[in-house]
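*Asks:* What follows is the file query-v2.cif, containing mmCIF, C-alpha atoms:
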data_upload
#
loop_
_atom_site.group_PDB
_atom_site.id
_atom_site.type_symbol
_atom_site.label_atom_id
_atom_site.label_comp_id
_atom_site.auth_asym_id
_atom_site.auth_seq_id
_atom_site.Cartn_x
_atom_site.Cartn_y
_atom_site.Cartn_z
ATOM 1 C CA MET B 28 50.439 203.551 -3.783
ATOM 2 C CA GLU B 29 47.999 206.384 -3.190
ATOM 3 C CA TYR B 30 44.458 205.109 -3.561
ATOM 4 C CA GLY B 31 41.808 207.596 -4.590
ATOM 5 C CA THR B 32 44.225 209.726 -6.615
ATOM 6 C CA LEU B 33 45.953 208.494 -9.676
ATOM 7 C CA GLU B 34 49.196 210.051 -10.902
ATOM 8 C CA ARG B 35 51.152 209.373 -14.057
ATOM 9 C CA ASP B 36 53.900 211.256 -15.878
ATOM 10 C CA ILE B 37 55.766 211.102 -19.141
ATOM 11 C CA HIS B 38 58.665 212.903 -20.845
ATOM 12 C CA ILE B 39 57.790 214.485 -24.169
ATOM 13 C CA GLU B 40 60.373 215.816 -26.607
ATOM 14 C CA ALA B 41 58.361 218.933 -27.405
ATOM 15 C CA SER B 42 58.104 222.400 -25.847
ATOM 16 C CA PRO B 43 55.588 223.053 -23.048
ATOM 17 C CA GLU B 44 53.709 225.341 -25.460
ATOM 18 C CA VAL B 45 53.158 222.500 -27.917
ATOM 19 C CA VAL B 46 52.247 220.007 -25.192
ATOM 20 C CA PHE B 47 49.847 222.499 -23.632
ATOM 21 C CA ASP B 48 48.095 222.885 -26.948
ATOM 22 C CA VAL B 49 47.826 219.115 -27.389
ATOM 23 C CA VAL B 50 46.306 218.508 -23.934
ATOM 24 C CA SER B 51 43.953 221.494 -23.990
ATOM 25 C CA SER B 52 42.673 222.190 -27.490
ATOM 26 C CA PRO B 53 39.454 220.450 -28.579
ATOM 27 C CA GLU B 54 41.004 219.459 -31.925
ATOM 28 C CA HIS B 55 43.879 217.610 -30.260
ATOM 29 C CA LEU B 56 41.819 216.219 -27.364
ATOM 30 C CA ARG B 57 39.777 214.359 -29.948
ATOM 31 C CA GLU B 58 42.959 212.795 -31.292
ATOM 32 C CA TRP B 59 44.087 211.318 -27.980
ATOM 33 C CA TRP B 60 40.908 210.703 -26.019
ATOM 34 C CA PRO B 61 37.214 210.953 -26.863
ATOM 35 C CA ASP B 62 35.889 210.103 -30.293
ATOM 36 C CA THR B 63 33.946 213.323 -30.343
ATOM 37 C CA LEU B 64 33.975 216.529 -28.333
ATOM 38 C CA GLU B 65 31.220 219.113 -28.184
ATOM 39 C CA GLY B 66 31.826 222.492 -26.538
ATOM 40 C CA THR B 67 34.915 224.526 -25.708
ATOM 41 C CA THR B 68 37.931 224.266 -23.417
ATOM 42 C CA GLN B 69 37.761 227.843 -22.078
ATOM 43 C CA VAL B 70 37.982 228.202 -18.287
ATOM 44 C CA GLY B 71 34.525 227.915 -16.730
ATOM 45 C CA GLU B 72 33.113 226.403 -19.876
ATOM 46 C CA GLY B 73 33.093 222.884 -21.175
ATOM 47 C CA GLY B 74 30.829 220.511 -22.984
ATOM 48 C CA ARG B 75 30.787 216.775 -23.416
ATOM 49 C CA PHE B 76 33.023 213.968 -24.544
ATOM 50 C CA GLY B 77 31.562 211.238 -26.719
ATOM 51 C CA PHE B 78 33.005 207.726 -26.491
ATOM 52 C CA GLY B 79 32.116 205.321 -29.263
ATOM 53 C CA THR B 80 30.154 206.182 -32.357
ATOM 54 C CA GLY B 81 26.629 205.907 -33.712
ATOM 55 C CA GLU B 82 23.946 204.441 -31.475
ATOM 56 C CA GLY B 83 26.437 203.172 -28.922
ATOM 57 C CA VAL B 84 27.965 206.557 -28.134
ATOM 58 C CA LYS B 85 28.355 207.344 -24.430
ATOM 59 C CA TRP B 86 28.323 211.057 -23.568
ATOM 60 C CA VAL B 87 30.156 212.378 -20.518
ATOM 61 C CA ARG B 88 30.141 216.005 -19.402
ATOM 62 C CA PHE B 89 33.286 218.036 -18.682
ATOM 63 C CA THR B 90 33.945 221.523 -17.276
ATOM 64 C CA VAL B 91 37.288 223.332 -17.552
ATOM 65 C CA VAL B 92 38.507 224.479 -14.115
ATOM 66 C CA ASP B 93 41.812 226.204 -14.807
ATOM 67 C CA ALA B 94 44.179 226.981 -17.669
ATOM 68 C CA VAL B 95 47.584 228.642 -17.201
ATOM 69 C CA PRO B 96 49.453 228.241 -20.495
ATOM 70 C CA PRO B 97 51.859 226.587 -20.791
ATOM 71 C CA ARG B 98 51.991 225.208 -17.233
ATOM 72 C CA LEU B 99 48.608 223.933 -16.110
ATOM 73 C CA PHE B 100 45.310 222.709 -17.504
ATOM 74 C CA SER B 101 42.572 221.131 -15.397
ATOM 75 C CA PHE B 102 39.004 220.009 -15.842
ATOM 76 C CA ARG B 103 36.284 218.089 -14.042
ATOM 77 C CA TRP B 104 34.359 215.332 -15.770
ATOM 78 C CA MET B 105 31.637 212.762 -15.199
ATOM 79 C CA HIS B 106 29.166 215.124 -13.456
ATOM 80 C CA GLU B 107 25.525 214.609 -14.333
ATOM 81 C CA GLU B 108 23.758 216.718 -16.944
ATOM 82 C CA GLY B 109 22.523 219.930 -15.320
ATOM 83 C CA GLU B 110 24.808 219.663 -12.284
ATOM 84 C CA THR B 111 27.605 222.134 -11.579
ATOM 85 C CA ALA B 112 30.897 220.304 -11.495
ATOM 86 C CA GLN B 113 32.357 220.223 -8.001
ATOM 87 C CA GLU B 114 34.093 217.936 -5.553
ATOM 88 C CA GLY B 115 31.910 214.931 -4.846
ATOM 89 C CA ASN B 116 30.039 214.737 -8.155
ATOM 90 C CA SER B 117 32.926 214.573 -10.621
ATOM 91 C CA ASN B 118 36.555 213.606 -11.075
ATOM 92 C CA LEU B 119 39.266 216.278 -11.319
ATOM 93 C CA VAL B 120 41.959 215.844 -13.964
ATOM 94 C CA VAL B 121 45.029 218.095 -13.676
ATOM 95 C CA PHE B 122 47.791 218.349 -16.270
ATOM 96 C CA ALA B 123 50.996 219.971 -14.967
ATOM 97 C CA LEU B 124 53.754 220.841 -17.446
ATOM 98 C CA GLU B 125 57.392 221.537 -16.567
ATOM 99 C CA PRO B 126 60.390 222.146 -18.819
ATOM 100 C CA ASP B 127 62.509 218.986 -18.774
ATOM 101 C CA GLY B 128 65.788 219.125 -20.683
ATOM 102 C CA THR B 129 64.908 220.031 -24.243
ATOM 103 C CA GLY B 130 61.348 218.863 -23.753
ATOM 104 C CA THR B 131 58.526 218.735 -21.236
ATOM 105 C CA ARG B 132 57.641 216.613 -18.235
ATOM 106 C CA LEU B 133 53.856 216.114 -18.354
ATOM 107 C CA THR B 134 52.204 214.925 -15.137
ATOM 108 C CA VAL B 135 48.542 214.014 -14.965
ATOM 109 C CA THR B 136 46.602 213.388 -11.764
ATOM 110 C CA GLU B 137 43.017 212.254 -11.562
ATOM 111 C CA SER B 138 41.194 212.419 -8.235
ATOM 112 C CA GLY B 139 37.651 211.948 -7.034
ATOM 113 C CA PHE B 140 37.329 208.168 -7.267
ATOM 114 C CA ARG B 141 36.980 207.872 -3.513
ATOM 115 C CA GLU B 142 34.300 210.548 -3.198
ATOM 116 C CA GLN B 143 32.072 209.477 -6.014
ATOM 117 C CA GLY B 144 32.740 205.792 -6.053
ATOM 118 C CA TRP B 145 34.891 204.565 -8.804
ATOM 119 C CA ALA B 146 32.551 202.214 -10.668
ATOM 120 C CA GLN B 147 31.863 204.865 -13.290
ATOM 121 C CA ALA B 148 35.561 205.440 -13.961
ATOM 122 C CA GLN B 149 36.055 201.721 -14.228
ATOM 123 C CA VAL B 150 33.297 201.484 -16.815
ATOM 124 C CA LEU B 151 34.959 204.188 -18.882
ATOM 125 C CA ALA B 152 38.420 202.649 -18.564
ATOM 126 C CA THR B 153 37.024 199.361 -19.798
ATOM 127 C CA TYR B 154 35.145 201.100 -22.552
ATOM 128 C CA GLU B 155 38.304 202.830 -23.675
ATOM 129 C CA ASP B 156 40.213 199.554 -23.697
ATOM 130 C CA HIS B 157 37.664 198.185 -26.135
ATOM 131 C CA TYR B 158 37.785 201.183 -28.390
ATOM 132 C CA SER B 159 41.493 201.927 -28.362
ATOM 133 C CA GLY B 160 42.227 198.682 -30.162
ATOM 134 C CA TRP B 161 44.221 198.924 -33.365
ATOM 135 C CA GLY B 162 41.222 198.592 -35.673
ATOM 136 C CA HIS B 163 39.434 201.486 -34.114
ATOM 137 C CA PHE B 164 42.601 203.584 -33.942
ATOM 138 C CA LEU B 165 43.475 203.058 -37.586
ATOM 139 C CA GLU B 166 39.952 203.910 -38.605
ATOM 140 C CA ARG B 167 40.173 207.154 -36.699
ATOM 141 C CA LEU B 168 43.625 207.903 -38.084
ATOM 142 C CA GLN B 169 42.368 207.483 -41.624
ATOM 143 C CA THR B 170 39.460 209.800 -40.982
ATOM 144 C CA TYR B 171 41.835 212.330 -39.494
ATOM 145 C CA ALA B 172 44.331 212.029 -42.351
ATOM 146 C CA ALA B 173 41.547 212.514 -44.872
ATOM 147 C CA LYS B 174 40.415 215.662 -43.090
ATOM 148 C CA VAL B 175 43.920 217.102 -43.014
ATOM 149 C CA GLY B 176 44.428 216.270 -46.703
ATOM 150 C CA ALA B 177 41.141 217.869 -47.746
ATOM 151 C CA MET E 13 30.145 191.279 -6.052
ATOM 152 C CA PRO E 14 28.617 194.758 -6.137
ATOM 153 C CA VAL E 15 30.960 196.181 -3.493
ATOM 154 C CA ASP E 16 33.217 198.280 -5.692
ATOM 155 C CA ASP E 17 32.199 201.666 -4.339
ATOM 156 C CA ASP E 18 32.528 200.525 -0.734
ATOM 157 C CA LEU E 19 35.862 198.917 -1.460
ATOM 158 C CA TRP E 20 37.142 202.114 -3.044
ATOM 159 C CA SER E 21 35.901 204.207 -0.172
ATOM 160 C CA ALA E 22 37.444 201.822 2.374
ATOM 161 C CA ILE E 23 40.931 202.124 0.909
ATOM 162 C CA GLY E 24 40.535 205.819 0.118
ATOM 163 C CA ASP E 25 41.135 206.833 3.735
ATOM 164 C CA PRO E 26 44.797 207.522 4.699
ATOM 165 C CA THR E 27 44.475 206.066 8.210
ATOM 166 C CA ARG E 28 42.994 202.860 6.851
ATOM 167 C CA ARG E 29 45.763 202.587 4.268
ATOM 168 C CA ARG E 30 48.324 202.998 7.057
ATOM 169 C CA MET E 31 46.507 200.269 8.996
ATOM 170 C CA LEU E 32 46.625 197.933 6.000
ATOM 171 C CA ASP E 33 50.363 198.617 5.671
ATOM 172 C CA LEU E 34 50.891 197.822 9.348
ATOM 173 C CA LEU E 35 48.807 194.644 9.182
ATOM 174 C CA LEU E 36 50.795 193.511 6.144
ATOM 175 C CA THR E 37 54.226 194.191 7.654
ATOM 176 C CA GLU E 38 53.343 192.879 11.123
ATOM 177 C CA GLY E 39 51.447 189.899 9.753
ATOM 178 C CA GLY E 40 48.310 190.963 11.634
ATOM 179 C CA GLY E 41 47.311 192.942 14.706
ATOM 180 C CA THR E 42 44.630 194.026 17.139
ATOM 181 C CA ALA E 43 42.960 197.405 17.591
ATOM 182 C CA THR E 44 45.279 197.971 20.546
ATOM 183 C CA SER E 45 48.491 197.020 18.772
ATOM 184 C CA LEU E 46 47.572 199.140 15.738
ATOM 185 C CA SER E 47 46.713 202.189 17.843
ATOM 186 C CA ASP E 48 50.223 202.009 19.383
ATOM 187 C CA HIS E 49 51.603 202.865 15.933
ATOM 188 C CA LEU E 50 49.008 205.447 14.918
ATOM 189 C CA PRO E 51 48.094 208.943 16.137
ATOM 190 C CA VAL E 52 44.486 207.879 16.749
ATOM 191 C CA THR E 53 42.658 206.217 19.620
ATOM 192 C CA ARG E 54 41.995 202.517 19.945
ATOM 193 C CA GLN E 55 38.276 203.267 19.513
ATOM 194 C CA ALA E 56 38.930 205.048 16.200
ATOM 195 C CA VAL E 57 41.089 202.151 15.017
ATOM 196 C CA ALA E 58 38.298 199.723 15.936
ATOM 197 C CA LYS E 59 35.847 201.718 13.805
ATOM 198 C CA HIS E 60 38.228 201.692 10.837
ATOM 199 C CA LEU E 61 38.674 197.939 11.263
ATOM 200 C CA THR E 62 34.906 197.515 11.050
ATOM 201 C CA VAL E 63 34.902 199.353 7.705
ATOM 202 C CA LEU E 64 37.768 197.229 6.378
ATOM 203 C CA ASP E 65 36.095 194.055 7.624
ATOM 204 C CA ARG E 66 32.794 194.946 5.959
ATOM 205 C CA VAL E 67 34.389 195.112 2.488
ATOM 206 C CA GLY E 68 36.424 191.980 3.085
ATOM 207 C CA LEU E 69 39.851 193.637 3.184
ATOM 208 C CA VAL E 70 40.611 192.185 6.619
ATOM 209 C CA ARG E 71 39.584 189.004 8.423
ATOM 210 C CA ALA E 72 39.162 188.713 12.162
ATOM 211 C CA GLU E 73 39.794 185.877 14.562
ATOM 212 C CA THR E 74 39.293 185.915 18.292
ATOM 213 C CA ALA E 75 42.526 185.769 20.264
ATOM 214 C CA GLY E 76 42.045 186.026 24.011
ATOM 215 C CA ARG E 77 40.187 189.188 24.955
ATOM 216 C CA GLU E 78 40.675 190.949 21.641
ATOM 217 C CA ARG E 79 39.978 190.204 18.015
ATOM 218 C CA ARG E 80 43.080 189.828 15.870
ATOM 219 C CA PHE E 81 42.935 191.090 12.286
ATOM 220 C CA SER E 82 44.894 190.192 9.192
ATOM 221 C CA VAL E 83 44.751 191.421 5.589
ATOM 222 C CA ASP E 84 42.769 189.445 3.039
ATOM 223 C CA GLU E 85 45.394 189.642 0.322
ATOM 224 C CA PRO E 86 43.260 188.432 -2.626
ATOM 225 C CA GLN E 87 40.703 191.141 -1.889
ATOM 226 C CA LEU E 88 43.447 193.779 -1.570
ATOM 227 C CA ALA E 89 44.951 192.591 -4.861
ATOM 228 C CA ARG E 90 41.546 192.882 -6.486
ATOM 229 C CA ALA E 91 41.214 196.496 -5.315
ATOM 230 C CA ALA E 92 44.701 197.283 -6.624
ATOM 231 C CA ALA E 93 43.900 195.662 -9.982
ATOM 232 C CA GLN E 94 40.818 197.821 -10.379
ATOM 233 C CA LEU E 95 42.886 200.946 -9.842
ATOM 234 C CA ALA E 96 45.571 199.684 -12.203
ATOM 235 C CA ALA E 97 42.954 199.398 -14.968
ATOM 236 C CA VAL E 98 42.198 203.106 -14.680
ATOM 237 C CA GLY E 99 45.932 203.830 -14.536
ATOM 238 C CA SER E 100 46.708 201.914 -17.693
ATOM 239 C CA ALA E 101 44.035 203.892 -19.526
ATOM 240 C CA TRP E 102 45.940 207.082 -18.592
ATOM 241 C CA ASP E 103 49.243 205.522 -19.665
ATOM 242 C CA ALA E 104 47.758 204.890 -23.104
ATOM 243 C CA ARG E 105 46.413 208.446 -23.319
ATOM 244 C CA LEU E 106 49.785 209.929 -22.317
ATOM 245 C CA ARG E 107 51.535 207.884 -25.007
ATOM 246 C CA ARG E 108 49.140 209.291 -27.595
ATOM 247 C CA ILE E 109 49.710 212.853 -26.283
ATOM 248 C CA LYS E 110 53.471 212.277 -26.554
ATOM 249 C CA ARG E 111 53.242 211.025 -30.128
ATOM 250 C CA ILE E 112 51.072 213.933 -31.267
ATOM 251 C CA ALA E 113 53.167 216.627 -29.508
ATOM 252 C CA GLU E 114 56.470 215.242 -30.792
ATOM 253 C CA THR E 115 55.130 215.066 -34.344
ATOM 254 C CA ILE E 116 54.080 218.720 -34.122
ATOM 255 C CA GLU E 117 57.420 219.710 -32.572
ATOM 256 C CA ARG E 118 59.406 218.027 -35.344
ATOM 257 C CA GLY E 119 57.250 219.766 -37.924
ATOM 258 C CA ARG E 120 57.877 223.259 -36.579
ATOM 259 C CA THR E 121 61.603 223.015 -35.748
ATOM 260 C CA PRO E 122 63.306 221.482 -38.787
ATOM 261 C CA THR E 123 66.786 222.253 -37.352
ATOM 262 C CA PRO E 124 66.651 221.601 -33.616
ATOM 263 C CA ASP E 125 70.365 222.417 -33.099
ATOM 264 C CA SER E 126 70.242 225.876 -34.634
ATOM 265 C CA GLY E 127 70.265 228.066 -31.561
ATOM 266 C CA THR E 128 67.692 228.018 -28.790
ATOM 267 C CA ASN E 129 65.508 230.998 -28.184
ATOM 268 C CA PRO E 130 64.888 231.474 -24.444
ATOM 269 C CA ALA E 131 62.004 233.800 -25.172
ATOM 270 C CA GLY E 132 60.035 230.927 -26.658
ATOM 271 C CA PRO E 133 58.646 230.261 -30.103
ATOM 272 C CA GLY E 134 57.882 233.881 -30.835
ATOM 273 C CA THR E 135 55.483 234.629 -33.642
ATOM 274 C CA SER E 136 56.735 232.236 -36.265
ATOM 275 C CA GLY E 137 54.069 230.604 -38.400
#
Before anything else, please render the file you have as structure tokens.

*Replies:*
Amino acid sequence: MEYGTLERDIHIEASPEVVFDVVSSPEHLREWWPDTLEGTTQVGEGGRFGFGTGEGVKWVRFTVVDAVPPRLFSFRWMHEEGETAQEGNSNLVVFALEPDGTGTRLTVTESGFREQGWAQAQVLATYEDHYSGWGHFLERLQTYAAKVGA
Amino acid sequence: MPVDDDLWSAIGDPTRRRMLDLLLTEGGGTATSLSDHLPVTRQAVAKHLTVLDRVGLVRAETAGRERRFSVDEPQLARAAAQLAAVGSAWDARLRRIKRIAETIERGRTPTPDSGTNPAGPGTSG
């Protein structure tokens, strides 16, 4: 097990173009990760993810590092407001996409825990566990379905 | 115990991870015995052992002229569990990405067997 860098992969029965769109577009990012997203996912730009809603929302900054459709999308996150994202003050998340049969092999790596201490990532992982429960997910799904239907 | 950052940093170093592996497989060792298996000096190994000792990943006992170290397995398990928590969060996110992408894919290719287009999706839609 490699400590300090986390790697996970999954096979998806969809083309790399579709998967790239899902991992990189703000609309889809909101469906699979933060509750809210402010900003853009253009290279060199970014914004902030919001976890939770209302008064309890926790905002975390992100900056897009690289985007090579439909093969690669990477961003840094968890740097402080006003800081430029770089090694040592943020974690780097890299999505790599490869054709795999009739679908796509999606690999994600997250690194930076060692450099910046990992307590912050742990807090967010715990936070997500709380908020990705079924109740919260269904609530979000309903909101999303209502938007699509409108 | 507010040692999480130190613990993470201690196991983040490749040489120290190799040392932990060696201590686990050999059932313990000294700075000298570890340096026999590693491309670093005994002095460097001793420094790494100090770091591991400070966060409780190894325990030392005096054996003759040298201190003998062994892995504190509960503490190592605790470090691994912390990493696993972050990993399981990514597993959940990837499952959601999969579900969304496959739903979109099914929506745009109603007849998946009807000829593949190597040039990609083209300009449909």

*Asks:* Run the PyMOL selection byres ((chain B and resi 98-105) around 6) on the file and write out the hits as a list in words.

*Replies:* Val87, Arg88, Phe89, Thr90, Val91, Val92, Asp93, Ala94, Val95, Pro96, Pro97, His106, Ser117, Asn118, Leu119, Val120, Val121, Phe122, Ala123 and Leu124 of chain B

*Asks:* Please compute the atom CA of Thr111 of chain B-atom CA of Trp60 of chain B distance, one decimal, in Å.

*Replies:* 22.7 Å

*Asks:* Could you check the closest approach to Leu69 of chain E for each of E:Leu35, E:Ala101, E:Ala93, E:Leu50 and tell me which residue wins, using all atoms listed in the file?

*Replies:*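 Smallest separation from Leu69 of chain E among the options: E:Leu35.
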
*Asks:* Selected by the PyMOL selection byres ((chain B and resi 29-45) around 8) in the shown coordinates: which residues, as an NGL selection string?

*Replies:* (:B and (28 or 46-49 or 96-98 or 124-127 or 129-141)) or (:E and (20 or 23-24 or 95 or 99 or 102-103 or 106-107 or 110 or 113-114 or 116-117))

*Asks:* What's around Thr68 of chain B at 7 Å? Count only C-alpha atoms, leave out sequence neighbours fewer than 2 positions away in its own chain, and write the answer as a PyMOL selection string.

*Replies:* chain B and resi 51-53+70+72-73+91

*Asks:* I'd like the contact shell of segment 76-79 of chain E - 10 Å cut-off, all atoms listed in the file, skipping same-chain residues fewer than 5 positions apart - returned as an MDAnalysis selection string.

*Replies:* chainID E and resid 41:44 58 71

*Asks:* Got a sec to resolve the PyMOL selection byres ((chain E and resi 85) around 12) on this structure and send the residues as a PyMOL selection string?

*Replies:* chain E and resi 32-33+35-36+39-40+68-71+82-84+86-92

*Asks:* Show me, as lines of an AutoDock Vina configuration file, the centre and edge lengths in Å to one decimal of the axis-aligned box that covers every listed atom of segment 80-92 of chain B with 4 Å on each side.

*Replies:*
center_x = 31.2
center_y = 213.8
center_z = -23.9
size_x = 22.6
size_y = 29.3
size_z = 27.6

*Asks:* How many Å lie between atom CA of Thr53 of chain E and atom CA of Ala72 of chain E, rounded to one decimal?

*Replies:*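 Interatomic distance here is 19.3 Å.
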
*Asks:* Could you state the separation of atom CA of Phe76 of chain B and atom CA of Thr63 of chain B in Å, given to one decimal place?

*Replies:*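 Taking atom CA of Phe76 of chain B as the start and atom CA of Thr63 of chain B as the end point, the length is 5.9 Å.
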
*Asks:* From the list E:Val63, E:Leu46, E:Leu19, E:Ala56, which residue is nearest chain B when using only C-alpha atoms?

*Replies:* E:Leu19
